[in-house]
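What follows is a set of notes on a single structure, which appears directly below.
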Amino acid sequence: MKIYNTLTRSVEDFKENESGKVKMYTCGPTVYHFAHIGNLRTYMMEDVLEKFLRYSGYDVKRVMNITDVGHLTSDADEGEDKMLKGAKRENKTVLEIAEFYKKAFFEDCRKLNIKTPDVIEPATHCIPEFIKTIEGLIEKGYAYFADGNVYFDTSKVADYNALTGHSSDELMVGVRDDVSEDTNKRNKSDFVLWFTKSKFEDQELKWDSPWGYGYPGWHIECSCISMKHCGEYLDIHCGGVDNIFPHHTNEIAQSEAYLGHKWCNYWFHVHHLNDESGKMSKSKGEFLTVSLLESKGYDPIAYRFFCLQSHYRKPLTFSYPALDQASATFTKLKKKIAAIDPSGDVDEVFVGANREKFIAAVGNDMNTALGITNIYDILKADVNGATKLACLKDIDRVLSLDLVKGKAEEVDPEFTQKSELELEIEALIAERAEAKKNKNYQRADEIRNSLKERGITLIDIAKGTEYKID
C-alpha cells in the first residue's frame, strides 16, 4: 500500500508500527450545525482508507473526537464560538446543540455507509487529560501564562512549519481572514491551550483549572484524545486540507513537545469539495446537506459514488448536473448487477486474483476511481454470475456502495434513536430557519410546501418551529 504523506510531500510505502496495530486518528465534527456534503466527502475518504487497511489485512484502531467545546474562529479569542453560535441560533443549551447535531452527523454517516470509528470521544469528557498535558508543557518550558490564558510558545519548536512546508513569515496572523492578532502572544504563531479570559460572558461550559475557571483551546483536544486512546505513537492522522494549518501544525508542535519524540508517521488530507462559486461552506448559498439531497430525490449512496469517482487529493466541484450524471450512471450499474444470474459455483481463484488486482489499484494512494473501474471489469469478465457477485461483494467491503445487498455497515445504536423521518424533518426545519435568516424566502417556502405535500405541517412558534404529521 502506498499513501501520500503531507509531512514529506511524497507518496510513500505504508509501514505499520511495531505493535502490529494501525492506530488511526480522524478529526471529528464540531457539532454546532449539520455537516454539509463537503465535510462528508472528507469522512467518506477516511472511511475508504480505514476499510482498505482492514481489507488488506491490517488490524486497525480508529479514534475520532467530537468537538463540543472550545472551537473558536480565532485563536485570539476574537471570533465566534461555534458551539455558542449554534445555541443562540436555536435557543438551546450548548449541550443540547451538541447532542442533537452529534446524532444528526452519525445519521448522515449511516446514510453514506461511513463506518463508525472504534472510539468516539467528546472533548468535554477529557478535561483532566487537557489539564495534565498543559501542565506538562508548562513544566517543560513550552507554554506560558499571559493575561488570563495559557499559550504554547512556538519559538521553542525547531521545525514548527514542517507540515506546511512554509516559513513562519508566510504563515503570519492574517493568512486566514478569520484570524485576528492577539497582543498577549510572544510570537504571532503562538496559540491558546487554555482560556480563562474570554469575551463571551455567557460561555456555558467552563471548568476549574490551575490557571482559573475556563475551557480548553481547540488544538489541545485532538492531541490529548489521540494520546489517551492510541498512546504515544500514531500511525495515520486524517483530516481536510484546511486542517493542515494551523490545527494539525499545532497538534504536532504540542504533542511532540509533550512526548519528547516524533508523534505521527503519516498525515492524510482530503481536498475540498467546491460548489461552482468556490469552497463550500455553511454560510453561503444553499446549505447542501444529505437531507437536502434526499429531499430532491437523490440516493445518498449516489453521492458517495460521485465522490469515489475522483481522487481525494484533487478538488471536486459539485453541481446538480454532475450529480445527476453520477446518479444515472450508478442506477444503470445497479440494474446491471441486479440482472446477474447468481447460479454456478464461485471460482475462488478468480475472486482471489481480482482481490489482488483491486488492492494494487486502490492501494496506490487510495485511487478509488480505479476501484470503480474494477466493478466494470468484473461485469465484463468471462466468469459465471456467482463468481461476479462474489467479487462485487468482496470489493464492496471497501467501496461500500451496496452493490449486491443492503448496507453492510451500521453505526452505533446510540446515534440512531430517532427515525430517519424525524431527523430529515428536523434537518429541513433548521435549513428553513437558516434560509429565512439569510432572507432566502423562496427556499423557505419550498421547504414548507414540500413537507406539506408529504402530510407534514410546520407550525411557527415564538421559540422556533414545531411540526405535526397529518
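Residue numbers start at 1 in each chain; chains themselves are named A, B, ... in the order of the C-alpha cells; ligands are numbered from 1 in the order shown.
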For this session: Would you mind listing what lies within 10 Å of A:Cys264 as a list of chain:residue names, with only C-alpha atoms counted and same-chain residues fewer than 3 positions away left out?
Result: A:Leu7, A:Lys23, A:Met24, A:Tyr25, A:Glu232, A:Tyr233, A:Leu234, A:Asp235, A:Ile236, A:His237, A:Ile252, A:Ser255, A:Glu256, A:His261, A:Trp267
Write the residues of the preceding selection, restricted to N, CA and C atoms, as a CSV table (one decimal), in the first residue's frame.
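File written: result05.csv
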```
chain,number,residue,atom,x,y,z
A,7,LEU,N,3.3,15.3,5.4
A,7,LEU,CA,4.5,15.7,6.1
A,7,LEU,C,5.8,15.6,5.2
A,23,LYS,N,-2.8,2.5,14.2
A,23,LYS,CA,-3.5,3.5,15.1
A,23,LYS,C,-3.8,4.7,14.2
A,24,MET,N,-5.1,4.9,14.0
A,24,MET,CA,-5.6,5.9,13.1
A,24,MET,C,-6.5,6.9,13.8
A,25,TYR,N,-6.2,8.2,13.6
A,25,TYR,CA,-7.0,9.3,14.2
A,25,TYR,C,-7.6,10.2,13.2
A,232,GLU,N,1.5,6.9,22.8
A,232,GLU,CA,2.4,7.9,22.4
A,232,GLU,C,2.8,8.0,20.9
A,233,TYR,N,2.4,6.9,20.2
A,233,TYR,CA,2.8,6.8,18.7
A,233,TYR,C,1.5,6.6,17.9
A,234,LEU,N,1.4,7.4,16.9
A,234,LEU,CA,0.2,7.4,16.0
A,234,LEU,C,0.7,7.1,14.6
A,235,ASP,N,0.0,6.2,13.9
A,235,ASP,CA,0.4,5.8,12.5
A,235,ASP,C,-0.1,6.8,11.5
A,236,ILE,N,-1.5,7.1,11.5
A,236,ILE,CA,-2.1,7.9,10.5
A,236,ILE,C,-3.0,8.9,11.1
A,237,HIS,N,-2.8,10.2,10.8
A,237,HIS,CA,-3.7,11.3,11.2
A,237,HIS,C,-4.4,11.8,10.0
A,252,ILE,N,1.0,18.8,16.1
A,252,ILE,CA,2.4,18.2,16.0
A,252,ILE,C,3.2,19.0,17.0
A,255,SER,N,2.2,18.1,20.7
A,255,SER,CA,2.3,16.6,21.0
A,255,SER,C,3.7,16.2,21.2
A,256,GLU,N,4.6,16.6,20.2
A,256,GLU,CA,6.0,16.3,20.2
A,256,GLU,C,6.7,17.0,21.4
A,261,HIS,N,9.3,13.1,21.5
A,261,HIS,CA,9.7,12.3,20.3
A,261,HIS,C,8.7,12.5,19.2
A,267,TRP,N,0.4,11.7,7.4
A,267,TRP,CA,-0.7,12.7,7.5
A,267,TRP,C,-1.5,12.6,6.2
```
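Using only C-alpha atoms, the protein and nucleic acid residues lying no more than 6 Å from stretch 448-457 of chain A, apart from those fewer than 6 places from it along its own chain, are Tyr467, Lys468, Ile469 and Asp470 of chain A.
For the residues A:Val398, A:Val69, A:Ala427, A:Leu392, ranking by smallest atom-to-atom distance to A:Lys103 using only C-alpha atoms places A:Ala427 first.
Residues in contact with A:Ala386 at up to 8 Å, not including ones fewer than 6 positions away on its chain and judged by only C-alpha atoms, are A:Asp341, A:Pro342, A:Ser343, A:Gly344, A:Asp345, A:Val346.
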Tell me, counting only C-alpha atoms, for each residue of stretch 257-369 of chain A within 7 Å of stretch 39-47 of chain A, which pair of atoms is nearest and how far apart they are in Å to one decimal, in rows ordered by chain and increasing number, as JSON lines.
```
{"residue": "A:Val270", "atom": "CA", "partner": "A:Thr42", "partner_atom": "CA", "distance": 5.5}
{"residue": "A:Cys307", "atom": "CA", "partner": "A:Arg41", "partner_atom": "CA", "distance": 6.8}
{"residue": "A:Tyr312", "atom": "CA", "partner": "A:Met45", "partner_atom": "CA", "distance": 6.7}
```
For this session: Do a neighbour search on A:Phe318 at 12 Å with only C-alpha atoms, toss out local chain neighbours closer than 3 positions, and write the hits as a count of residues only.
Result: 25
Problem set entry | Neighbour list for A:Met83 as a VMD selection string, cut-off 7 Å, only C-alpha atoms, skip fewer than 5 positions in-chain | chain A and resid 32 68 to 69 94
Those residues you just picked out, can you put them in a file as an mmCIF file, in the first residue's frame with C-alpha atoms?
```
data_model
loop_
_atom_site.group_PDB
_atom_site.id
_atom_site.type_symbol
_atom_site.label_atom_id
_atom_site.label_comp_id
_atom_site.auth_asym_id
_atom_site.auth_seq_id
_atom_site.Cartn_x
_atom_site.Cartn_y
_atom_site.Cartn_z
ATOM 1 C CA TYR A 32 -22.902 23.092 16.175
ATOM 2 C CA ASP A 68 -18.384 20.087 21.683
ATOM 3 C CA VAL A 69 -16.414 22.918 23.334
ATOM 4 C CA VAL A 94 -24.697 24.124 24.193
#
```
Problem set entry | atom CA of A:Leu205 to atom CA of A:Arg89, straight-line distance in Å | 17.1 Å
Seminar exercise, completed: Using only C-alpha atoms, the residue out of A:Ile425, A:Leu112, A:Ile359, A:Cys238 with shortest distance to A:Asp394 is A:Ile359
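Residue nearest A:Tyr144, chosen from A:Glu129, A:Glu50, A:Asp159, A:Asp190 and counting only C-alpha atoms: A:Asp190.
The smallest atom-to-atom distance between A:Asn243 and any of A:Ile131, A:Phe34, A:Lys15, A:Cys27, using only C-alpha atoms, is found for A:Cys27.
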Exercise. Got a sec: who's within 9 Å of A:Phe14, counting only C-alpha atoms, leaving out chain neighbours fewer than 3 positions off, as a PyMOL selection string?
Worked result: chain A and resi 1-3+266
From a DSSP calculation on the backbone, collect every residue of stretch 186-275 of chain A in strand (DSSP E) and output the set as a PDB file with N, CA and C atoms, in the first residue's frame.
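So part21.pdb came out as:
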```
ATOM      1  N   PHE A 191      -0.363  29.859  20.125  1.00  0.00           N
ATOM      2  CA  PHE A 191      -1.793  29.561  20.170  1.00  0.00           C
ATOM      3  C   PHE A 191      -2.221  29.215  21.589  1.00  0.00           C
ATOM      4  N   VAL A 192      -3.518  29.360  21.847  1.00  0.00           N
ATOM      5  CA  VAL A 192      -4.054  29.196  23.197  1.00  0.00           C
ATOM      6  C   VAL A 192      -4.282  27.721  23.520  1.00  0.00           C
ATOM      7  N   LEU A 193      -3.805  27.309  24.686  1.00  0.00           N
ATOM      8  CA  LEU A 193      -4.042  25.961  25.207  1.00  0.00           C
ATOM      9  C   LEU A 193      -5.228  25.952  26.175  1.00  0.00           C
ATOM     10  N   TRP A 194      -5.367  27.043  26.931  1.00  0.00           N
ATOM     11  CA  TRP A 194      -6.466  27.128  27.915  1.00  0.00           C
ATOM     12  C   TRP A 194      -6.889  28.588  28.055  1.00  0.00           C
ATOM     13  N   PHE A 195      -8.193  28.826  27.928  1.00  0.00           N
ATOM     14  CA  PHE A 195      -8.754  30.157  28.089  1.00  0.00           C
ATOM     15  C   PHE A 195      -9.333  30.325  29.490  1.00  0.00           C
ATOM     16  N   TYR A 215     -11.805  27.097  29.882  1.00  0.00           N
ATOM     17  CA  TYR A 215     -12.086  25.994  28.952  1.00  0.00           C
ATOM     18  C   TYR A 215     -10.894  25.823  28.008  1.00  0.00           C
ATOM     19  N   PRO A 216     -10.767  24.657  27.379  1.00  0.00           N
ATOM     20  CA  PRO A 216      -9.590  24.377  26.556  1.00  0.00           C
ATOM     21  C   PRO A 216      -9.636  25.056  25.200  1.00  0.00           C
ATOM     22  N   LEU A 234       1.378   7.431  16.875  1.00  0.00           N
ATOM     23  CA  LEU A 234       0.227   7.382  15.985  1.00  0.00           C
ATOM     24  C   LEU A 234       0.710   7.063  14.572  1.00  0.00           C
ATOM     25  N   ASP A 235      -0.021   6.177  13.887  1.00  0.00           N
ATOM     26  CA  ASP A 235       0.369   5.827  12.517  1.00  0.00           C
ATOM     27  C   ASP A 235      -0.146   6.835  11.495  1.00  0.00           C
ATOM     28  N   ILE A 236      -1.459   7.073  11.497  1.00  0.00           N
ATOM     29  CA  ILE A 236      -2.079   7.922  10.481  1.00  0.00           C
ATOM     30  C   ILE A 236      -2.995   8.940  11.148  1.00  0.00           C
ATOM     31  N   HIS A 237      -2.821  10.188  10.791  1.00  0.00           N
ATOM     32  CA  HIS A 237      -3.729  11.254  11.244  1.00  0.00           C
ATOM     33  C   HIS A 237      -4.413  11.815  10.006  1.00  0.00           C
ATOM     34  N   CYS A 238      -5.759  11.905  10.050  1.00  0.00           N
ATOM     35  CA  CYS A 238      -6.540  12.321   8.889  1.00  0.00           C
ATOM     36  C   CYS A 238      -7.268  13.635   9.138  1.00  0.00           C
ATOM     37  N   GLY A 239      -7.659  14.285   8.050  1.00  0.00           N
ATOM     38  CA  GLY A 239      -8.465  15.492   8.130  1.00  0.00           C
ATOM     39  C   GLY A 239      -8.571  16.142   6.767  1.00  0.00           C
ATOM     40  N   GLY A 240      -9.267  17.268   6.701  1.00  0.00           N
ATOM     41  CA  GLY A 240      -9.348  18.034   5.468  1.00  0.00           C
ATOM     42  C   GLY A 240      -8.118  18.903   5.291  1.00  0.00           C
ATOM     43  N   CYS A 264       3.505  11.275  14.963  1.00  0.00           N
ATOM     44  CA  CYS A 264       2.691  10.638  13.914  1.00  0.00           C
ATOM     45  C   CYS A 264       3.501  10.472  12.638  1.00  0.00           C
ATOM     46  N   ASN A 265       3.397   9.287  12.023  1.00  0.00           N
ATOM     47  CA  ASN A 265       4.199   8.989  10.832  1.00  0.00           C
ATOM     48  C   ASN A 265       3.587   9.471   9.528  1.00  0.00           C
ATOM     49  N   TYR A 266       2.268   9.357   9.377  1.00  0.00           N
ATOM     50  CA  TYR A 266       1.612   9.676   8.101  1.00  0.00           C
ATOM     51  C   TYR A 266       0.468  10.655   8.325  1.00  0.00           C
ATOM     52  N   TRP A 267       0.389  11.662   7.449  1.00  0.00           N
ATOM     53  CA  TRP A 267      -0.684  12.658   7.506  1.00  0.00           C
ATOM     54  C   TRP A 267      -1.476  12.585   6.208  1.00  0.00           C
ATOM     55  N   PHE A 268      -2.770  12.292   6.336  1.00  0.00           N
ATOM     56  CA  PHE A 268      -3.666  12.031   5.206  1.00  0.00           C
ATOM     57  C   PHE A 268      -4.698  13.159   5.141  1.00  0.00           C
ATOM     58  N   HIS A 269      -4.667  13.940   4.066  1.00  0.00           N
ATOM     59  CA  HIS A 269      -5.555  15.097   3.955  1.00  0.00           C
ATOM     60  C   HIS A 269      -6.402  15.025   2.682  1.00  0.00           C
ATOM     61  N   VAL A 270      -7.680  15.287   2.846  1.00  0.00           N
ATOM     62  CA  VAL A 270      -8.639  15.248   1.741  1.00  0.00           C
ATOM     63  C   VAL A 270      -8.912  16.667   1.266  1.00  0.00           C
ATOM     64  N   LEU A 273     -14.372  19.912  -1.342  1.00  0.00           N
ATOM     65  CA  LEU A 273     -15.459  19.850  -2.308  1.00  0.00           C
ATOM     66  C   LEU A 273     -15.911  21.287  -2.507  1.00  0.00           C
ATOM     67  N   ASN A 274     -15.893  21.743  -3.738  1.00  0.00           N
ATOM     68  CA  ASN A 274     -16.297  23.110  -4.049  1.00  0.00           C
ATOM     69  C   ASN A 274     -17.660  23.122  -4.724  1.00  0.00           C
ATOM     70  N   ASP A 275     -18.390  24.199  -4.540  1.00  0.00           N
ATOM     71  CA  ASP A 275     -19.531  24.401  -5.426  1.00  0.00           C
ATOM     72  C   ASP A 275     -19.036  25.284  -6.568  1.00  0.00           C
TER      73      ASP A 275
END
```
For this session: Identify which of the residues A:Ser189, A:Thr93, A:Asn354, A:Ser226 lies closest to A:Ala381, counting only C-alpha atoms when measuring atom-to-atom distances.
Result: A:Asn354
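Comparing A:Leu293, A:Ala162, A:Cys230, A:Val63 by their smallest distance to A:Asn250, the closest is A:Ala162 (using only C-alpha atoms).
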For this session: Tell me, in Å to one decimal, how far atom CA of A:Ala253 is from atom CA of A:Met366.
Result: 27.7 Å
Problem set entry | Selection near A:Leu370, 9 Å with only C-alpha atoms, sequence-local residues under 6 positions removed, as a count of residues only | 4
Exercise. Could you pull out the helix (DSSP H, G or I) residues of stretch 77-187 of chain A from DSSP and send them as a ChimeraX atom specification?
Worked result: /A:82-90,94-111,123-125,127-139,154-156,168-171
